[in-house]
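Asks: Input my_file-v6.cif, format and content: mmCIF, C-alpha atoms.
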data_final
#
loop_
_atom_site.label_atom_id
_atom_site.label_comp_id
_atom_site.auth_asym_id
_atom_site.auth_seq_id
_atom_site.Cartn_x
_atom_site.Cartn_y
_atom_site.Cartn_z
CA MET A 43 -15.25 0.60 -0.66
CA LYS A 44 -16.76 -0.02 -4.08
CA ILE A 45 -14.02 -2.01 -5.83
CA ALA A 46 -13.93 -3.32 -9.40
CA PHE A 47 -11.51 -5.80 -10.93
CA ILE A 48 -10.44 -5.86 -14.55
CA GLY A 49 -9.11 -9.39 -14.96
CA LEU A 50 -9.91 -12.25 -12.61
CA GLY A 51 -7.29 -14.96 -12.99
CA ALA A 52 -5.89 -17.05 -10.15
CA MET A 53 -4.44 -14.06 -8.29
CA GLY A 54 -7.45 -11.87 -8.93
CA ARG A 55 -9.86 -14.53 -7.69
CA ALA A 56 -7.98 -14.92 -4.43
CA MET A 57 -7.86 -11.17 -3.85
CA ALA A 58 -11.51 -10.63 -4.74
CA THR A 59 -12.58 -13.39 -2.35
CA ASN A 60 -10.68 -11.75 0.51
CA LEU A 61 -12.22 -8.35 -0.21
CA VAL A 62 -15.76 -9.76 -0.32
CA ARG A 63 -15.11 -11.60 2.94
CA ASN A 64 -14.09 -8.30 4.53
CA GLY A 65 -17.24 -6.47 3.54
CA HIS A 66 -16.22 -4.63 0.39
CA ASP A 67 -18.55 -4.20 -2.59
CA VAL A 68 -16.70 -6.07 -5.35
CA SER A 69 -17.49 -6.29 -9.05
CA ALA A 70 -15.43 -7.60 -11.94
CA TRP A 71 -15.05 -7.73 -15.68
CA THR A 72 -13.11 -10.68 -17.03
CA ARG A 73 -12.45 -11.84 -20.56
CA SER A 74 -13.39 -15.42 -19.66
CA GLY A 75 -16.76 -14.38 -18.23
CA ARG A 76 -16.14 -16.43 -15.06
CA ILE A 77 -17.28 -14.68 -11.88
CA LEU A 78 -16.98 -15.65 -8.22
CA ALA A 79 -19.79 -15.94 -5.72
CA GLY A 80 -20.34 -12.57 -4.06
CA VAL A 81 -18.79 -10.67 -6.98
CA THR A 82 -21.02 -8.67 -9.33
CA ALA A 83 -20.38 -9.31 -13.02
CA LEU A 84 -19.68 -6.28 -15.21
CA GLN A 85 -20.71 -6.61 -18.83
CA THR A 86 -18.05 -4.20 -20.13
CA PRO A 87 -14.73 -3.04 -18.64
CA ASP A 88 -15.65 0.65 -18.73
CA LYS A 89 -18.15 -0.02 -15.92
CA ALA A 90 -15.19 -0.76 -13.62
CA PHE A 91 -14.29 2.94 -13.64
CA GLU A 92 -17.60 3.98 -12.10
CA GLY A 93 -16.70 3.07 -8.48
CA ASP A 94 -14.04 4.04 -5.95
CA VAL A 95 -11.17 1.78 -6.99
CA VAL A 96 -10.25 -0.19 -10.12
CA LEU A 97 -7.79 -3.05 -9.70
CA THR A 98 -6.28 -4.17 -13.01
CA VAL A 99 -4.87 -7.71 -12.93
CA LEU A 100 -4.38 -8.48 -16.63
CA SER A 101 -1.48 -10.56 -17.92
CA ASP A 102 0.67 -8.12 -19.89
CA ASP A 103 1.10 -4.79 -21.67
CA ALA A 104 -0.80 -5.89 -24.75
CA ALA A 105 -3.86 -7.03 -22.80
CA ILE A 106 -3.99 -3.77 -20.85
CA ARG A 107 -3.57 -1.71 -23.99
CA SER A 108 -6.40 -3.54 -25.78
CA VAL A 109 -8.82 -3.46 -22.84
CA ILE A 110 -8.14 -0.03 -21.31
CA VAL A 111 -5.98 2.23 -23.48
CA ASP A 112 -7.25 1.63 -27.02
CA PRO A 113 -10.96 2.04 -26.04
CA ASP A 114 -9.96 5.16 -24.05
CA LEU A 115 -11.76 4.06 -20.88
CA LEU A 116 -10.01 6.76 -18.86
CA SER A 117 -11.90 9.58 -20.60
CA ASP A 118 -15.19 8.54 -18.97
CA ALA A 119 -13.87 7.51 -15.55
CA ALA A 120 -15.83 8.68 -12.53
CA PRO A 121 -14.36 11.62 -10.60
CA GLY A 122 -12.16 10.49 -7.73
CA VAL A 123 -11.69 6.90 -8.89
CA ILE A 124 -8.22 5.44 -8.28
CA HIS A 125 -6.79 3.06 -10.87
CA VAL A 126 -4.51 0.49 -9.22
CA MET A 127 -2.21 -1.34 -11.63
CA MET A 128 -1.39 -4.71 -10.06
CA SER A 129 -0.14 -6.36 -13.25
CA THR A 130 3.54 -6.90 -13.92
CA ILE A 131 4.17 -4.59 -16.88
CA SER A 132 7.12 -3.00 -18.62
CA VAL A 133 8.72 0.11 -17.18
CA ALA A 134 8.16 1.95 -20.45
CA PHE A 135 4.45 1.11 -20.49
CA SER A 136 4.11 2.10 -16.83
CA ARG A 137 5.47 5.54 -17.69
CA GLU A 138 3.11 5.77 -20.66
CA LEU A 139 0.15 4.88 -18.44
CA THR A 140 1.19 7.49 -15.88
CA ALA A 141 1.15 10.17 -18.58
CA LEU A 142 -2.22 9.01 -19.95
CA HIS A 143 -3.80 9.08 -16.49
CA THR A 144 -2.40 12.53 -15.78
CA GLN A 145 -3.83 13.77 -19.07
CA ALA A 146 -7.24 12.26 -18.24
CA GLY A 147 -7.20 13.49 -14.63
CA VAL A 148 -7.45 9.96 -13.22
CA ALA A 149 -5.48 8.89 -10.13
CA PHE A 150 -3.01 6.12 -10.92
CA VAL A 151 -0.83 4.01 -8.65
CA ALA A 152 1.21 0.85 -9.14
CA THR A 153 0.95 -2.07 -6.71
CA PRO A 154 2.42 -5.23 -8.23
CA VAL A 155 2.77 -7.95 -5.61
CA LEU A 156 5.10 -10.69 -4.46
CA GLY A 157 3.37 -13.96 -3.74
CA ARG A 158 1.74 -16.90 -5.47
CA PRO A 159 -2.04 -17.54 -5.47
CA ASP A 160 -1.85 -19.47 -2.18
CA VAL A 161 -0.26 -16.43 -0.53
CA ALA A 162 -2.94 -14.18 -2.04
CA ALA A 163 -5.63 -16.49 -0.64
CA ASP A 164 -4.19 -15.95 2.84
CA GLY A 165 -4.14 -12.17 2.42
CA ALA A 166 -0.37 -12.23 2.93
CA LEU A 167 0.93 -10.62 -0.26
CA GLN A 168 3.92 -8.29 -0.24
CA ILE A 169 2.62 -5.15 -1.96
CA LEU A 170 5.11 -3.02 -3.91
CA ALA A 171 3.44 0.38 -3.91
CA ALA A 172 4.37 3.56 -5.77
CA GLY A 173 2.42 6.68 -6.63
CA ASP A 174 0.96 9.77 -5.00
CA PRO A 175 1.11 9.23 -1.20
CA ALA A 176 -2.39 10.68 -0.79
CA HIS A 177 -3.83 8.09 -3.17
CA LEU A 178 -1.95 5.27 -1.47
CA ALA A 179 -3.25 6.45 1.91
CA ARG A 180 -6.84 6.19 0.65
CA LEU A 181 -6.14 2.60 -0.36
CA ALA A 182 -4.87 1.55 3.08
CA PRO A 183 -8.08 -0.36 4.05
CA LEU A 184 -7.81 -2.40 0.86
CA PHE A 185 -4.09 -3.11 1.36
CA GLU A 186 -4.72 -4.27 4.92
CA VAL A 187 -6.97 -7.02 3.55
CA LEU A 188 -4.73 -8.06 0.67
CA GLY A 189 -1.25 -7.81 2.06
CA LYS A 190 1.09 -8.67 4.87
CA ARG A 191 3.21 -5.58 4.23
CA ILE A 192 3.14 -2.55 1.95
CA TRP A 193 6.53 -1.46 0.63
CA GLN A 194 6.56 2.26 -0.27
CA LEU A 195 8.78 2.67 -3.35
CA GLY A 196 8.42 6.31 -4.27
CA ASP A 197 6.07 8.64 -6.08
CA GLU A 198 6.59 7.27 -9.61
CA PRO A 199 4.49 4.17 -10.46
CA SER A 200 7.24 2.92 -12.77
CA GLY A 201 9.47 2.41 -9.72
CA ALA A 202 7.20 -0.32 -8.36
CA HIS A 203 7.07 -2.04 -11.73
CA ALA A 204 10.86 -1.92 -12.04
CA ALA A 205 11.16 -3.42 -8.56
CA LYS A 206 8.73 -6.24 -9.38
CA ILE A 207 10.58 -7.10 -12.58
CA ALA A 208 13.87 -7.08 -10.66
CA CYS A 209 12.43 -9.37 -7.98
CA ASN A 210 11.21 -11.89 -10.56
CA MET A 211 14.57 -11.76 -12.29
CA MET A 212 16.29 -12.58 -9.00
CA ILE A 213 13.93 -15.50 -8.29
CA THR A 214 14.82 -17.11 -11.62
CA MET A 215 18.50 -16.57 -10.86
CA ALA A 216 18.00 -18.32 -7.51
CA ILE A 217 16.33 -21.29 -9.22
CA GLU A 218 19.19 -21.59 -11.68
CA ALA A 219 21.74 -21.22 -8.87
CA MET A 220 20.16 -24.14 -7.01
CA ALA A 221 20.10 -26.29 -10.13
CA GLU A 222 23.75 -25.62 -10.90
CA ALA A 223 24.67 -26.33 -7.26
CA VAL A 224 22.90 -29.70 -7.51
CA VAL A 225 24.91 -30.50 -10.64
CA LEU A 226 28.11 -30.06 -8.59
CA THR A 227 26.99 -31.76 -5.39
CA GLU A 228 25.16 -34.76 -6.84
CA ALA A 229 28.17 -35.55 -9.02
CA ASN A 230 30.08 -35.94 -5.77
CA GLY A 231 27.62 -38.09 -3.88
CA VAL A 232 25.57 -35.48 -2.02
CA ALA A 233 21.80 -36.05 -2.09
CA ARG A 234 19.60 -33.10 -3.05
CA GLU A 235 17.72 -33.31 0.23
CA ALA A 236 20.93 -33.07 2.24
CA PHE A 237 22.32 -30.18 0.23
CA PHE A 238 19.10 -28.17 0.41
CA ASP A 239 18.84 -28.86 4.15
CA LEU A 240 22.28 -27.28 4.43
CA ILE A 241 21.62 -24.14 2.41
CA LEU A 242 18.12 -23.49 3.78
CA ASN A 243 19.45 -23.55 7.32
CA THR A 244 22.61 -21.55 6.68
CA LEU A 245 23.03 -19.30 3.67
CA PHE A 246 19.67 -19.08 1.88
CA GLY A 247 16.52 -19.46 3.95
CA SER A 248 14.15 -17.21 2.00
CA ARG A 249 10.75 -18.30 0.73
CA SER A 250 11.96 -18.54 -2.87
CA TYR A 251 14.67 -21.00 -1.91
CA GLN A 252 12.23 -22.94 0.29
CA VAL A 253 9.56 -23.24 -2.41
CA TYR A 254 11.71 -24.00 -5.42
CA SER A 255 14.17 -26.31 -3.69
CA LYS A 256 11.17 -28.58 -3.05
CA ASN A 257 10.33 -28.59 -6.75
CA ILE A 258 13.90 -29.51 -7.62
CA THR A 259 14.14 -32.15 -4.90
CA HIS A 260 10.93 -33.91 -5.90
CA ARG A 261 11.31 -33.20 -9.64
CA VAL A 262 7.77 -31.80 -9.74
CA TYR A 263 7.19 -28.63 -11.74
CA GLU A 264 3.46 -28.00 -11.78
CA PRO A 265 2.43 -24.33 -11.80
CA GLY A 266 2.67 -22.16 -9.60
CA PHE A 267 3.80 -19.49 -11.90
CA ARG A 268 3.87 -20.52 -15.54
CA ALA A 269 7.17 -20.54 -17.37
CA ALA A 270 5.60 -18.60 -20.26
CA LEU A 271 4.88 -15.72 -17.89
CA GLY A 272 8.36 -16.05 -16.43
CA LEU A 273 9.83 -15.59 -19.89
CA LYS A 274 7.64 -12.51 -20.35
CA ASP A 275 8.96 -10.98 -17.14
CA LEU A 276 12.56 -11.73 -18.10
CA ARG A 277 11.92 -10.04 -21.44
CA LEU A 278 10.65 -6.98 -19.54
CA ALA A 279 13.80 -7.02 -17.41
CA THR A 280 15.94 -7.30 -20.53
CA GLU A 281 14.19 -4.30 -22.07
CA ALA A 282 14.53 -2.26 -18.88
CA GLY A 283 18.18 -3.22 -18.62
CA ALA A 284 18.86 -2.19 -22.22
CA ALA A 285 17.35 1.21 -21.49
CA THR A 286 19.99 1.81 -18.80
CA GLY A 287 22.83 1.19 -21.25
CA ARG A 288 24.45 -1.27 -18.83
CA GLU A 289 25.32 -4.92 -19.44
CA LEU A 290 23.47 -7.50 -17.29
CA PRO A 291 25.19 -10.82 -18.06
CA MET A 292 23.34 -12.96 -15.48
CA LEU A 293 20.02 -11.74 -16.83
CA ALA A 294 21.07 -12.60 -20.38
CA ALA A 295 22.00 -16.13 -19.32
CA ILE A 296 18.80 -16.85 -17.41
CA PHE A 297 16.67 -15.33 -20.19
CA GLY A 298 18.29 -17.77 -22.59
CA ARG A 299 17.74 -20.70 -20.25
CA MET A 300 14.03 -19.87 -19.82
CA GLY A 301 13.72 -19.56 -23.58
CA GLU A 302 15.19 -23.05 -23.97
CA ALA A 303 12.61 -24.46 -21.56
CA ILE A 304 9.78 -22.79 -23.48
CA ALA A 305 11.14 -24.01 -26.82
CA ALA A 306 11.22 -27.54 -25.38
CA GLY A 307 7.47 -27.33 -24.80
CA HIS A 308 7.38 -26.48 -21.08
CA GLY A 309 5.63 -23.10 -21.22
CA GLU A 310 2.72 -24.31 -19.08
CA LYS A 311 4.97 -25.79 -16.38
CA ASP A 312 6.11 -23.87 -13.31
CA TRP A 313 8.93 -21.48 -14.16
CA SER A 314 11.24 -23.59 -11.97
CA ILE A 315 11.27 -26.00 -14.94
CA ILE A 316 14.48 -24.18 -15.90
CA ALA A 317 16.15 -26.23 -13.14
CA ALA A 318 15.10 -29.43 -14.90
CA GLN A 319 16.51 -27.98 -18.12
CA THR A 320 19.89 -27.45 -16.46
CA LEU A 321 19.80 -30.87 -14.75
CA GLY A 322 18.92 -32.69 -17.95
CA GLU A 323 15.58 -33.84 -16.50
CA ALA A 324 13.16 -31.70 -18.50
CA ASP A 325 12.06 -34.60 -20.72
CA ARG A 326 10.65 -36.40 -17.66
CA ASN A 327 8.22 -33.48 -17.23
CA SER A 328 6.90 -33.43 -20.78
#
Written as structure tokens, how would this file's structure read?
Replies:
Amino acid sequence: MKIAFIGLGAMGRAMATNLVRNGHDVSAWTRSGRILAGVTALQTPDKAFEGDVVLTVLSDDAAIRSVIVDPDLLSDAAPGVIHVMMSTISVAFSRELTALHTQAGVAFVATPVLGRPDVAADGALQILAAGDPAHLARLAPLFEVLGKRIWQLGDEPSGAHAAKIACNMMITMAIEAMAEAVVLTEANGVAREAFFDLILNTLFGSRSYQVYSKNITHRVYEPGFRAALGLKDLRLATEAGAATGRELPMLAAIFGRMGEAIAAGHGEKDWSIIAAQTLGEADRNS
């Protein structure tokens, strides 16, 4: 397949490398101008819409709006091209993009992913897919390279974006839960290593608990996933929650905690820095 990336950060680089390795024709436009070996550089982002598939991996709504929507790149897209939105974006913007693509006659699907750059490098991402089943079926060869499993989440792209936001919200809640548990157990003579050995082998053995318990145990919070982006995703969850008219008190608490970590100057640390904030250890990671 002739595949073009718009945005080539840490996740995009890992995915592009896998696709090149598996024989796909890969090109990319990136704001930084940095291109990988085996990937053809595109001088302007509109060129990405001339192939079979466009994978957008930009950081947020504003970046996507400035690069794709405001210049109206969809109006000149090649017939049959599928636009795959892999970025974590707001539910409202996802719905707006769906309408814009329908108006322009361009196929649009959402495939945000679960997994850090090391998981992407192994081609083991969990792909949250939503959109027209026929379009998703055409993308199967690409998904087989990028992901360990594809989770079908309905016909509306916004569903996949809501699910990704919810997943990130729950990860931050898990980090905070571990930190608060350490506050209780350490105060009563239980070492972090012993407590995490207990929970990982009984109640909570998922990857999120495995990864972030190590950060908390060793008091090391290097990214990973930057806290500034974590705050952005919690803001998206807060906005989506407000739209439902329901109160989400745990979300409100963890949003506040992440904001405290950012205000303390830890925006470039891993988002698990919120644990250090709760444990009173954030200053050691300045």
Asks: With 9 Å as the cut-off and only C-alpha atoms counted, what is the closest atom pair between each nearby residue of stretch 250-314 of chain A and stretch 318-326 of chain A? Distances in Å to one decimal, ordered by chain and number, as a Markdown table.
Replies:
| residue | atom | partner | partner_atom | distance |
| --- | --- | --- | --- | --- |
| A:Ile258 | CA | A:Ala318 | CA | 7.4 |
| A:Arg261 | CA | A:Ala318 | CA | 7.5 |
| A:Tyr263 | CA | A:Ala318 | CA | 8.6 |
| A:Arg299 | CA | A:Gln319 | CA | 7.7 |
| A:Met300 | CA | A:Gln319 | CA | 8.6 |
| A:Glu302 | CA | A:Gln319 | CA | 7.8 |
| A:Ala303 | CA | A:Gln319 | CA | 6.3 |
| A:Ala306 | CA | A:Ala324 | CA | 8.3 |
| A:His308 | CA | A:Ala324 | CA | 8.2 |
| A:Ser314 | CA | A:Ala318 | CA | 7.6 |
Asks: Between A:Asp239, A:Asp174, A:Glu92, A:Asp103, which residue has the minimum interatomic distance to A:Ala149, considering all atoms listed in the file?
Replies: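 The shortest atom-to-atom distance to A:Ala149 comes from A:Asp174.
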Asks: Would you translate the PyMOL selection byres ((chain A and resi 54-69) around 10) into the concrete set of residues it matches in this file, as JSON, numbers by chain?
Replies: {"A": [43, 44, 45, 46, 47, 48, 49, 50, 51, 52, 53, 70, 71, 72, 76, 77, 78, 79, 80, 81, 82, 83, 84, 89, 90, 93, 94, 95, 96, 97, 98, 99, 100, 128, 158, 159, 160, 161, 162, 163, 164, 165, 167, 183, 184, 185, 186, 187, 188, 189]}
Asks: When you count only C-alpha atoms, which of these residues is closest to A:Ala134: A:Ala282, A:Val109, A:Ile192, A:Met211?
Replies: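 Nearest candidate to A:Ala134 out of A:Ala282, A:Val109, A:Ile192, A:Met211: A:Ala282.
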Asks: Starting from the shown file, work through the PyMOL selection byres ((chain A and resi 136-145) around 9) and note down what comes out as a list in words.
Replies: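 Written out, the selection comes to Asp103, Val111, Leu116, His125, Met127, Ile131, Ser132, Val133, Ala134, Phe135, Ala146, Gly147, Val148, Ala149, Phe150, Val151, Ala152, Glu198, Pro199, Ser200, Gly201 and His203 of chain A.
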Asks: Evaluate the PyMOL selection byres ((chain A and resi 219) around 12) here and jot the selected residues down as a ChimeraX atom specification.
Replies: /A:212-218,220-226,238,241,246,250-251,254-255,258,292,295-296,314,316-317,320-321
Asks: Separation of atom CA of A:Val253 and atom CA of A:Gly196, in Å?
Replies: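 Distance reported for this atom pair: 29.6 Å.
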Asks: Using all atoms listed in the file, which of the listed residues (A:Leu170, A:Leu181, A:Ala229, A:Ile207) sits closest to A:Thr130?
Replies: A:Ile207
Asks: Given all atoms listed in the file as the basis, pick out the residue of A:Ala182, A:Ile169, A:Leu271, A:Leu293 nearest to A:Ala208.
Replies: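 Distance minimum relative to A:Ala208 lands on A:Leu293.
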Asks: Give me, please, the distance in Å between atom CA of A:Trp313 and atom CA of A:Arg268, quoted to one decimal.
Replies: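 These two atoms are separated by 5.3 Å.
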Asks: If you measure from atom CA of A:Ile304 to atom CA of A:Gly272, what distance in Å do you get, rounded to one decimal?
Replies: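 Atom CA of A:Gly272 lies at a distance of 9.9 Å from atom CA of A:Ile304.
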